[in-house]
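Student: File target_7.cif below, mmCIF, N, CA and C atoms and all ligand atoms:
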```cif
data_start
loop_
_atom_site.label_atom_id
_atom_site.label_comp_id
_atom_site.auth_asym_id
_atom_site.auth_seq_id
_atom_site.Cartn_x
_atom_site.Cartn_y
_atom_site.Cartn_z
N MET A 1 -17.05 -16.57 19.50
CA MET A 1 -15.87 -16.06 18.82
C MET A 1 -14.65 -16.17 19.72
N ALA A 2 -13.60 -16.68 19.16
CA ALA A 2 -12.37 -16.84 19.93
C ALA A 2 -11.67 -15.50 20.13
N ILE A 3 -11.13 -15.34 21.30
CA ILE A 3 -10.38 -14.11 21.56
C ILE A 3 -8.95 -14.32 21.08
N VAL A 4 -8.55 -13.48 20.18
CA VAL A 4 -7.20 -13.60 19.65
C VAL A 4 -6.24 -12.81 20.53
N PHE A 5 -5.28 -13.51 21.04
CA PHE A 5 -4.27 -12.82 21.84
C PHE A 5 -3.34 -12.07 20.92
N CYS A 6 -3.21 -10.82 21.16
CA CYS A 6 -2.36 -10.01 20.29
C CYS A 6 -1.14 -9.50 21.04
N MET A 7 0.01 -9.76 20.42
CA MET A 7 1.26 -9.39 21.06
C MET A 7 1.55 -7.90 20.96
N LEU A 8 0.96 -7.27 19.98
CA LEU A 8 1.23 -5.85 19.80
C LEU A 8 0.52 -5.04 20.89
N SER A 9 1.22 -4.11 21.44
CA SER A 9 0.60 -3.25 22.44
C SER A 9 -0.23 -2.18 21.74
N GLN A 10 -1.11 -1.58 22.49
CA GLN A 10 -1.94 -0.51 21.94
C GLN A 10 -1.06 0.59 21.35
N GLU A 11 0.02 0.82 22.05
CA GLU A 11 0.94 1.88 21.62
C GLU A 11 1.56 1.55 20.26
N GLN A 12 1.96 0.28 20.10
CA GLN A 12 2.55 -0.15 18.83
C GLN A 12 1.53 -0.05 17.71
N ILE A 13 0.31 -0.46 18.02
CA ILE A 13 -0.74 -0.42 17.01
C ILE A 13 -1.00 1.02 16.57
N GLU A 14 -1.01 1.93 17.53
CA GLU A 14 -1.22 3.34 17.18
C GLU A 14 -0.08 3.87 16.31
N LYS A 15 1.11 3.38 16.60
CA LYS A 15 2.28 3.79 15.81
C LYS A 15 2.11 3.31 14.37
N MET A 16 1.65 2.06 14.23
CA MET A 16 1.42 1.48 12.91
C MET A 16 0.32 2.24 12.17
N ARG A 17 -0.71 2.58 12.93
CA ARG A 17 -1.83 3.30 12.31
C ARG A 17 -1.34 4.63 11.73
N LYS A 18 -0.48 5.28 12.49
CA LYS A 18 0.05 6.56 12.02
C LYS A 18 0.88 6.37 10.75
N LYS A 19 1.71 5.35 10.79
CA LYS A 19 2.55 5.04 9.64
C LYS A 19 1.68 4.77 8.42
N LEU A 20 0.64 3.97 8.62
CA LEU A 20 -0.25 3.59 7.52
C LEU A 20 -0.99 4.80 6.98
N GLU A 21 -1.40 5.67 7.88
CA GLU A 21 -2.13 6.86 7.44
C GLU A 21 -1.23 7.79 6.63
N GLU A 22 0.03 7.86 7.06
CA GLU A 22 0.99 8.67 6.30
C GLU A 22 1.21 8.08 4.92
N GLU A 23 1.32 6.76 4.89
CA GLU A 23 1.54 6.08 3.62
C GLU A 23 0.33 6.27 2.70
N LYS A 24 -0.83 6.19 3.28
CA LYS A 24 -2.06 6.37 2.53
C LYS A 24 -2.09 7.76 1.88
N GLU A 25 -1.74 8.75 2.67
CA GLU A 25 -1.72 10.12 2.18
C GLU A 25 -0.74 10.27 1.01
N TYR A 26 0.42 9.67 1.20
CA TYR A 26 1.46 9.73 0.17
C TYR A 26 0.97 9.06 -1.11
N LEU A 27 0.41 7.86 -0.98
CA LEU A 27 -0.04 7.12 -2.15
C LEU A 27 -1.17 7.84 -2.87
N GLU A 28 -2.09 8.38 -2.11
CA GLU A 28 -3.20 9.12 -2.73
C GLU A 28 -2.68 10.33 -3.49
N GLY A 29 -1.69 10.98 -2.93
CA GLY A 29 -1.07 12.14 -3.59
C GLY A 29 -0.42 11.73 -4.89
N GLU A 30 0.31 10.62 -4.87
CA GLU A 30 0.99 10.14 -6.07
C GLU A 30 -0.01 9.74 -7.15
N ILE A 31 -1.08 9.07 -6.73
CA ILE A 31 -2.10 8.65 -7.70
C ILE A 31 -2.77 9.88 -8.32
N ASN A 32 -3.03 10.88 -7.51
CA ASN A 32 -3.63 12.11 -8.03
C ASN A 32 -2.73 12.78 -9.05
N LYS A 33 -1.44 12.77 -8.76
CA LYS A 33 -0.48 13.38 -9.69
C LYS A 33 -0.51 12.65 -11.02
N LEU A 34 -0.52 11.32 -10.96
CA LEU A 34 -0.50 10.51 -12.18
C LEU A 34 -1.82 10.60 -12.95
N ASP A 35 -2.88 10.88 -12.23
CA ASP A 35 -4.19 10.94 -12.85
C ASP A 35 -4.39 12.17 -13.72
N LYS A 36 -3.57 13.18 -13.49
CA LYS A 36 -3.74 14.42 -14.23
C LYS A 36 -3.43 14.24 -15.71
N PRO A 37 -4.39 14.49 -16.59
CA PRO A 37 -4.18 14.28 -18.03
C PRO A 37 -3.18 15.27 -18.62
N THR A 38 -3.02 16.42 -18.02
CA THR A 38 -2.11 17.45 -18.53
C THR A 38 -0.65 17.00 -18.40
N PHE A 39 -0.45 15.94 -17.68
CA PHE A 39 0.89 15.42 -17.42
C PHE A 39 1.69 15.18 -18.70
N PHE A 40 1.01 14.78 -19.78
CA PHE A 40 1.70 14.39 -20.99
C PHE A 40 1.77 15.50 -22.05
N GLY A 41 1.24 16.65 -21.74
CA GLY A 41 1.32 17.76 -22.68
C GLY A 41 0.39 17.59 -23.87
N ASN A 42 0.41 18.58 -24.77
CA ASN A 42 -0.52 18.58 -25.89
C ASN A 42 0.18 18.55 -27.25
N ASP A 43 1.46 18.30 -27.27
CA ASP A 43 2.18 18.37 -28.54
C ASP A 43 1.98 17.10 -29.37
N VAL A 44 0.85 17.07 -30.07
CA VAL A 44 0.51 15.90 -30.87
C VAL A 44 1.34 15.80 -32.14
N ASP A 45 1.95 16.93 -32.58
CA ASP A 45 2.66 16.94 -33.86
C ASP A 45 4.07 16.35 -33.78
N ALA A 46 4.59 16.19 -32.60
CA ALA A 46 5.95 15.68 -32.44
C ALA A 46 5.99 14.17 -32.69
N GLY A 47 6.45 13.79 -33.88
CA GLY A 47 6.43 12.39 -34.29
C GLY A 47 7.32 11.49 -33.45
N ASP A 48 8.58 11.89 -33.27
CA ASP A 48 9.52 11.05 -32.54
C ASP A 48 9.18 10.94 -31.06
N GLU A 49 8.70 12.04 -30.56
CA GLU A 49 8.39 12.06 -29.13
C GLU A 49 7.21 11.16 -28.79
N ARG A 50 6.43 10.94 -29.81
CA ARG A 50 5.19 10.17 -29.62
C ARG A 50 5.44 8.82 -28.92
N THR A 51 6.40 8.07 -29.46
CA THR A 51 6.68 6.75 -28.90
C THR A 51 7.20 6.87 -27.47
N ASP A 52 8.03 7.89 -27.25
CA ASP A 52 8.54 8.12 -25.90
C ASP A 52 7.39 8.35 -24.94
N GLU A 53 6.47 9.18 -25.41
CA GLU A 53 5.34 9.50 -24.56
C GLU A 53 4.47 8.28 -24.30
N ASP A 54 4.30 7.47 -25.35
CA ASP A 54 3.52 6.25 -25.19
C ASP A 54 4.19 5.34 -24.16
N GLN A 55 5.51 5.24 -24.32
CA GLN A 55 6.27 4.41 -23.39
C GLN A 55 6.11 4.95 -21.97
N GLU A 56 6.24 6.26 -21.88
CA GLU A 56 6.12 6.89 -20.57
C GLU A 56 4.72 6.69 -20.00
N TYR A 57 3.76 6.77 -20.89
CA TYR A 57 2.37 6.58 -20.48
C TYR A 57 2.18 5.18 -19.91
N GLN A 58 2.77 4.20 -20.60
CA GLN A 58 2.70 2.81 -20.12
C GLN A 58 3.33 2.69 -18.73
N ASN A 59 4.48 3.33 -18.59
CA ASN A 59 5.16 3.29 -17.30
C ASN A 59 4.29 3.90 -16.20
N GLN A 60 3.69 5.04 -16.54
CA GLN A 60 2.86 5.72 -15.56
C GLN A 60 1.67 4.85 -15.16
N MET A 61 1.09 4.19 -16.16
CA MET A 61 -0.05 3.33 -15.88
C MET A 61 0.35 2.19 -14.94
N GLY A 62 1.53 1.63 -15.22
CA GLY A 62 2.03 0.55 -14.37
C GLY A 62 2.26 1.03 -12.96
N LEU A 63 2.84 2.22 -12.87
CA LEU A 63 3.14 2.82 -11.59
C LEU A 63 1.85 3.08 -10.81
N GLU A 64 0.88 3.59 -11.54
CA GLU A 64 -0.39 3.92 -10.91
C GLU A 64 -1.06 2.65 -10.38
N ALA A 65 -0.98 1.58 -11.17
CA ALA A 65 -1.56 0.31 -10.74
C ALA A 65 -0.88 -0.18 -9.47
N ASP A 66 0.46 -0.03 -9.43
CA ASP A 66 1.21 -0.43 -8.24
C ASP A 66 0.77 0.37 -7.02
N PHE A 67 0.65 1.68 -7.22
CA PHE A 67 0.24 2.55 -6.11
C PHE A 67 -1.14 2.16 -5.62
N LYS A 68 -2.02 1.82 -6.56
CA LYS A 68 -3.38 1.49 -6.18
C LYS A 68 -3.44 0.16 -5.40
N THR A 69 -2.61 -0.78 -5.83
CA THR A 69 -2.55 -2.05 -5.11
C THR A 69 -2.06 -1.80 -3.69
N GLN A 70 -1.01 -0.99 -3.60
CA GLN A 70 -0.44 -0.67 -2.29
C GLN A 70 -1.47 0.04 -1.41
N LEU A 71 -2.17 0.97 -2.03
CA LEU A 71 -3.17 1.74 -1.29
C LEU A 71 -4.28 0.82 -0.76
N ALA A 72 -4.66 -0.15 -1.58
CA ALA A 72 -5.68 -1.11 -1.14
C ALA A 72 -5.19 -1.90 0.07
N ASP A 73 -3.90 -2.27 0.05
CA ASP A 73 -3.32 -3.00 1.18
C ASP A 73 -3.29 -2.14 2.43
N VAL A 74 -2.94 -0.87 2.24
CA VAL A 74 -2.87 0.05 3.37
C VAL A 74 -4.26 0.24 3.98
N ASN A 75 -5.25 0.44 3.11
CA ASN A 75 -6.63 0.61 3.59
C ASN A 75 -7.11 -0.65 4.32
N ASP A 76 -6.72 -1.77 3.79
CA ASP A 76 -7.08 -3.05 4.39
C ASP A 76 -6.47 -3.17 5.79
N ALA A 77 -5.22 -2.77 5.90
CA ALA A 77 -4.54 -2.84 7.19
C ALA A 77 -5.21 -1.92 8.21
N LEU A 78 -5.58 -0.73 7.76
CA LEU A 78 -6.26 0.22 8.65
C LEU A 78 -7.60 -0.36 9.12
N GLU A 79 -8.26 -1.06 8.21
CA GLU A 79 -9.53 -1.68 8.55
C GLU A 79 -9.33 -2.77 9.60
N ARG A 80 -8.24 -3.51 9.43
CA ARG A 80 -7.95 -4.58 10.40
C ARG A 80 -7.62 -4.01 11.77
N ILE A 81 -7.00 -2.83 11.79
CA ILE A 81 -6.73 -2.18 13.07
C ILE A 81 -8.06 -1.87 13.75
N ASP A 82 -9.00 -1.32 12.96
CA ASP A 82 -10.32 -0.98 13.50
C ASP A 82 -11.06 -2.21 14.02
N LYS A 83 -10.86 -3.32 13.34
CA LYS A 83 -11.54 -4.56 13.73
C LYS A 83 -10.82 -5.27 14.88
N GLY A 84 -9.62 -4.80 15.18
CA GLY A 84 -8.86 -5.41 16.25
C GLY A 84 -8.17 -6.70 15.85
N ILE A 85 -8.00 -6.91 14.55
CA ILE A 85 -7.31 -8.12 14.10
C ILE A 85 -6.01 -7.79 13.38
N TYR A 86 -5.52 -6.62 13.65
CA TYR A 86 -4.27 -6.21 12.98
C TYR A 86 -3.10 -7.03 13.51
N GLY A 87 -2.20 -7.39 12.59
CA GLY A 87 -1.01 -8.12 13.00
C GLY A 87 -1.19 -9.62 13.04
N ILE A 88 -2.34 -10.08 12.54
CA ILE A 88 -2.59 -11.52 12.49
C ILE A 88 -2.40 -11.99 11.05
N CYS A 89 -1.64 -13.05 10.89
CA CYS A 89 -1.37 -13.57 9.56
C CYS A 89 -2.65 -14.14 8.94
N GLU A 90 -2.89 -13.76 7.68
CA GLU A 90 -4.11 -14.20 7.02
C GLU A 90 -4.08 -15.67 6.66
N LYS A 91 -2.90 -16.22 6.57
CA LYS A 91 -2.77 -17.60 6.13
C LYS A 91 -2.79 -18.58 7.30
N CYS A 92 -1.95 -18.32 8.30
CA CYS A 92 -1.84 -19.30 9.39
C CYS A 92 -2.53 -18.83 10.67
N GLY A 93 -2.96 -17.59 10.71
CA GLY A 93 -3.68 -17.10 11.88
C GLY A 93 -2.80 -16.76 13.06
N LYS A 94 -1.50 -16.84 12.87
CA LYS A 94 -0.59 -16.49 13.96
C LYS A 94 -0.21 -15.02 13.87
N GLU A 95 0.46 -14.57 14.91
CA GLU A 95 0.87 -13.16 14.89
C GLU A 95 1.99 -12.93 13.90
N ILE A 96 1.90 -11.82 13.23
CA ILE A 96 2.99 -11.42 12.34
C ILE A 96 4.10 -10.82 13.19
N GLU A 97 5.32 -11.19 12.87
CA GLU A 97 6.46 -10.70 13.64
C GLU A 97 6.49 -9.17 13.63
N PRO A 98 6.74 -8.57 14.79
CA PRO A 98 6.79 -7.09 14.86
C PRO A 98 7.82 -6.49 13.90
N GLU A 99 8.89 -7.24 13.64
CA GLU A 99 9.91 -6.72 12.70
C GLU A 99 9.33 -6.59 11.30
N VAL A 100 8.48 -7.55 10.93
CA VAL A 100 7.86 -7.52 9.61
C VAL A 100 6.95 -6.29 9.51
N LEU A 101 6.18 -6.07 10.55
CA LEU A 101 5.24 -4.94 10.55
C LEU A 101 5.98 -3.62 10.60
N GLU A 102 7.13 -3.65 11.23
CA GLU A 102 7.92 -2.43 11.33
C GLU A 102 8.36 -1.96 9.95
N THR A 103 8.80 -2.90 9.11
CA THR A 103 9.26 -2.52 7.78
C THR A 103 8.11 -2.46 6.78
N GLU A 104 7.06 -3.21 7.03
CA GLU A 104 5.94 -3.26 6.08
C GLU A 104 4.62 -3.32 6.86
N PRO A 105 4.17 -2.17 7.31
CA PRO A 105 2.99 -2.15 8.21
C PRO A 105 1.73 -2.73 7.58
N GLU A 106 1.67 -2.75 6.24
CA GLU A 106 0.45 -3.25 5.60
C GLU A 106 0.50 -4.76 5.35
N SER A 107 1.54 -5.40 5.85
CA SER A 107 1.71 -6.83 5.60
C SER A 107 0.54 -7.66 6.13
N ARG A 108 0.10 -8.62 5.30
CA ARG A 108 -1.00 -9.51 5.72
C ARG A 108 -0.49 -10.87 6.17
N LEU A 109 0.78 -11.14 5.89
CA LEU A 109 1.31 -12.47 6.16
C LEU A 109 2.52 -12.41 7.08
N CYS A 110 2.71 -13.47 7.85
CA CYS A 110 3.90 -13.56 8.70
C CYS A 110 5.10 -13.93 7.83
N GLU A 111 6.24 -13.91 8.45
CA GLU A 111 7.47 -14.14 7.70
C GLU A 111 7.47 -15.52 7.02
N LYS A 112 7.00 -16.51 7.74
CA LYS A 112 6.98 -17.88 7.21
C LYS A 112 6.08 -18.00 5.99
N CYS A 113 4.90 -17.42 6.07
CA CYS A 113 3.92 -17.57 4.99
C CYS A 113 4.27 -16.75 3.76
N LYS A 114 5.10 -15.77 3.95
CA LYS A 114 5.51 -14.95 2.81
C LYS A 114 6.42 -15.72 1.87
N LYS A 115 7.13 -16.69 2.44
CA LYS A 115 8.12 -17.41 1.65
C LYS A 115 7.48 -18.43 0.71
ZN ZN B 1 1.54 -17.05 8.64
#
```
When written as structure tokens, how does the structure in this file appear?

Tutor:
Amino acid sequence: MAIVFCMLSQEQIEKMRKKLEEEKEYLEGEINKLDKPTFFGNDVDAGDERTDEDQEYQNQMGLEADFKTQLADVNDALERIDKGIYGICEKCGKEIEPEVLETEPESRLCEKCKK
């Protein structure tokens, strides 16, 4: 197995891990909120509101799907930290720019491959 030289210092990686864990907590909280069925109330008799609620329901579902995708990325990034391959681009195998990781710690691709 080839040893991958990693530009990120242990300290930077720990910082990213913390960021990711915070994000994970936030996303899990949001998903839990959206999962609650009581969110939409029980007023089945309101005819006009019905469509609004359906629309809102659709929005919530979309939002929840987004959160879940993000959460999967965050979990994946945490796993890569554990494996010691964090910060490596999945496409070209090069290091992801620290600036990219700074703004998007769960990023799997370097700046070039994202384009
Ligand atoms: Zn790349």

Student: Within 6 Å of ligand ZN 1 (chain B), which residues of chain A come that close, and what is the closest atom pair and distance in Å for each? Count only C-alpha atoms and all ligand atoms and give it as JSON lines.

Tutor:
```
{"residue": "A:Cys89", "atom": "CA", "partner": "B:ZN1", "partner_atom": "ZN", "distance": 4.6}
{"residue": "A:Lys91", "atom": "CA", "partner": "B:ZN1", "partner_atom": "ZN", "distance": 5.0}
{"residue": "A:Cys92", "atom": "CA", "partner": "B:ZN1", "partner_atom": "ZN", "distance": 4.1}
{"residue": "A:Lys94", "atom": "CA", "partner": "B:ZN1", "partner_atom": "ZN", "distance": 5.8}
{"residue": "A:Leu109", "atom": "CA", "partner": "B:ZN1", "partner_atom": "ZN", "distance": 5.2}
{"residue": "A:Cys110", "atom": "CA", "partner": "B:ZN1", "partner_atom": "ZN", "distance": 4.2}
{"residue": "A:Lys112", "atom": "CA", "partner": "B:ZN1", "partner_atom": "ZN", "distance": 5.7}
{"residue": "A:Cys113", "atom": "CA", "partner": "B:ZN1", "partner_atom": "ZN", "distance": 4.4}
```

Student: Atom C of Thr103 of chain A to atom CA of Asp82 of chain A: how many Å, to one decimal?

Tutor: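 Going from atom C of Thr103 of chain A over to atom CA of Asp82 of chain A covers 19.7 Å.
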
Student: Just the helix (DSSP H, G or I) stuff from chain A, please, per backbone DSSP, written as a PyMOL selection string.

Tutor: chain A and resi 10-35+37-40+47-83+98-103+111-114

Student: Hey, what's within 6.5 Å of segment 31-33 of chain A if we count all atoms listed in the file and toss same-chain stuff fewer than 4 positions away? As a PyMOL selection string, please?

Tutor: chain A and resi 26-27+64

Student: Any chance you could export the current selection's N, CA and C atoms as an mmCIF file, in the coordinates of the input?

Tutor:
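Dumped everything to out_16.cif:
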```
data_model
loop_
_atom_site.group_PDB
_atom_site.id
_atom_site.type_symbol
_atom_site.label_atom_id
_atom_site.label_comp_id
_atom_site.auth_asym_id
_atom_site.auth_seq_id
_atom_site.Cartn_x
_atom_site.Cartn_y
_atom_site.Cartn_z
ATOM 1 N N TYR A 26 0.420 9.670 1.200
ATOM 2 C CA TYR A 26 1.460 9.730 0.170
ATOM 3 C C TYR A 26 0.970 9.060 -1.110
ATOM 4 N N LEU A 27 0.410 7.860 -0.980
ATOM 5 C CA LEU A 27 -0.040 7.120 -2.150
ATOM 6 C C LEU A 27 -1.170 7.840 -2.870
ATOM 7 N N GLU A 64 0.880 3.590 -11.540
ATOM 8 C CA GLU A 64 -0.390 3.920 -10.910
ATOM 9 C C GLU A 64 -1.060 2.650 -10.380
#
```

Student: Please report the interatomic distance between atom N of Arg108 of chain A and atom N of Gln60 of chain A in Å with one decimal.

Tutor: 26.0 Å

Student: Quick check, in Å to one decimal: how far apart do atom CA of Thr51 of chain A and atom N of Leu34 of chain A lie?

Tutor: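 One can read the atom CA of Thr51 of chain A to atom N of Leu34 of chain A distance as 19.9 Å.
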
Student: Looking at only C-alpha atoms, which of A:Val74, A:Gly84, A:Lys24, A:Glu30 is the one that sits closest to Glu104 of chain A?

Tutor: A:Val74

Student: Measuring atom to atom with only C-alpha atoms, identify which of A:Glu111, A:Glu95, A:Glu102, A:Asp52 is nearest to Leu20 of chain A.

Tutor: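 Checking each of A:Glu111, A:Glu95, A:Glu102, A:Asp52 against Leu20 of chain A, counting only C-alpha atoms, the winner is A:Glu102.
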
Student: I want to know what sits within 8 Å of Tyr86 of chain A, based on only N, CA and C atoms, with residues of the same chain fewer than 2 positions away left out; could you give that as number ranges by chain?

Tutor: A: 6, 8, 13, 77-84, 88-89, 95-96

Student: Ranking A:Lys115, A:Met16, A:Asp35, A:Met61 by minimum distance to Leu101 of chain A and counting only N, CA and C atoms, which one comes first?

Tutor: A:Met16

Student: Pick the closest to Asn75 of chain A from A:Lys36, A:Glu106, A:Gln12, A:Glu53: which is it, counting all atoms listed in the file?

Tutor: A:Glu106

Student: When distances are computed from only N, CA and C atoms, which of A:Glu56, A:Gln10, A:Lys18, A:Glu28 shows the smallest separation from Lys68 of chain A?

Tutor: A:Glu28

Student: Restricting the calculation to all atoms listed in the file, which member of A:Pro105, A:Asn59, A:Lys114, A:Asp76 is positioned closest to Lys19 of chain A?

Tutor: A:Pro105

Student: Mind giving me the axis-aligned box for segment 7-16 of chain A with 5 Å on every side, centre plus edges in Å to one decimal, as lines of an AutoDock Vina configuration file?

Tutor:
```
center_x = 0.3
center_y = -2.9
center_z = 17.3
size_x = 14.5
size_y = 23.6
size_z = 20.3
```
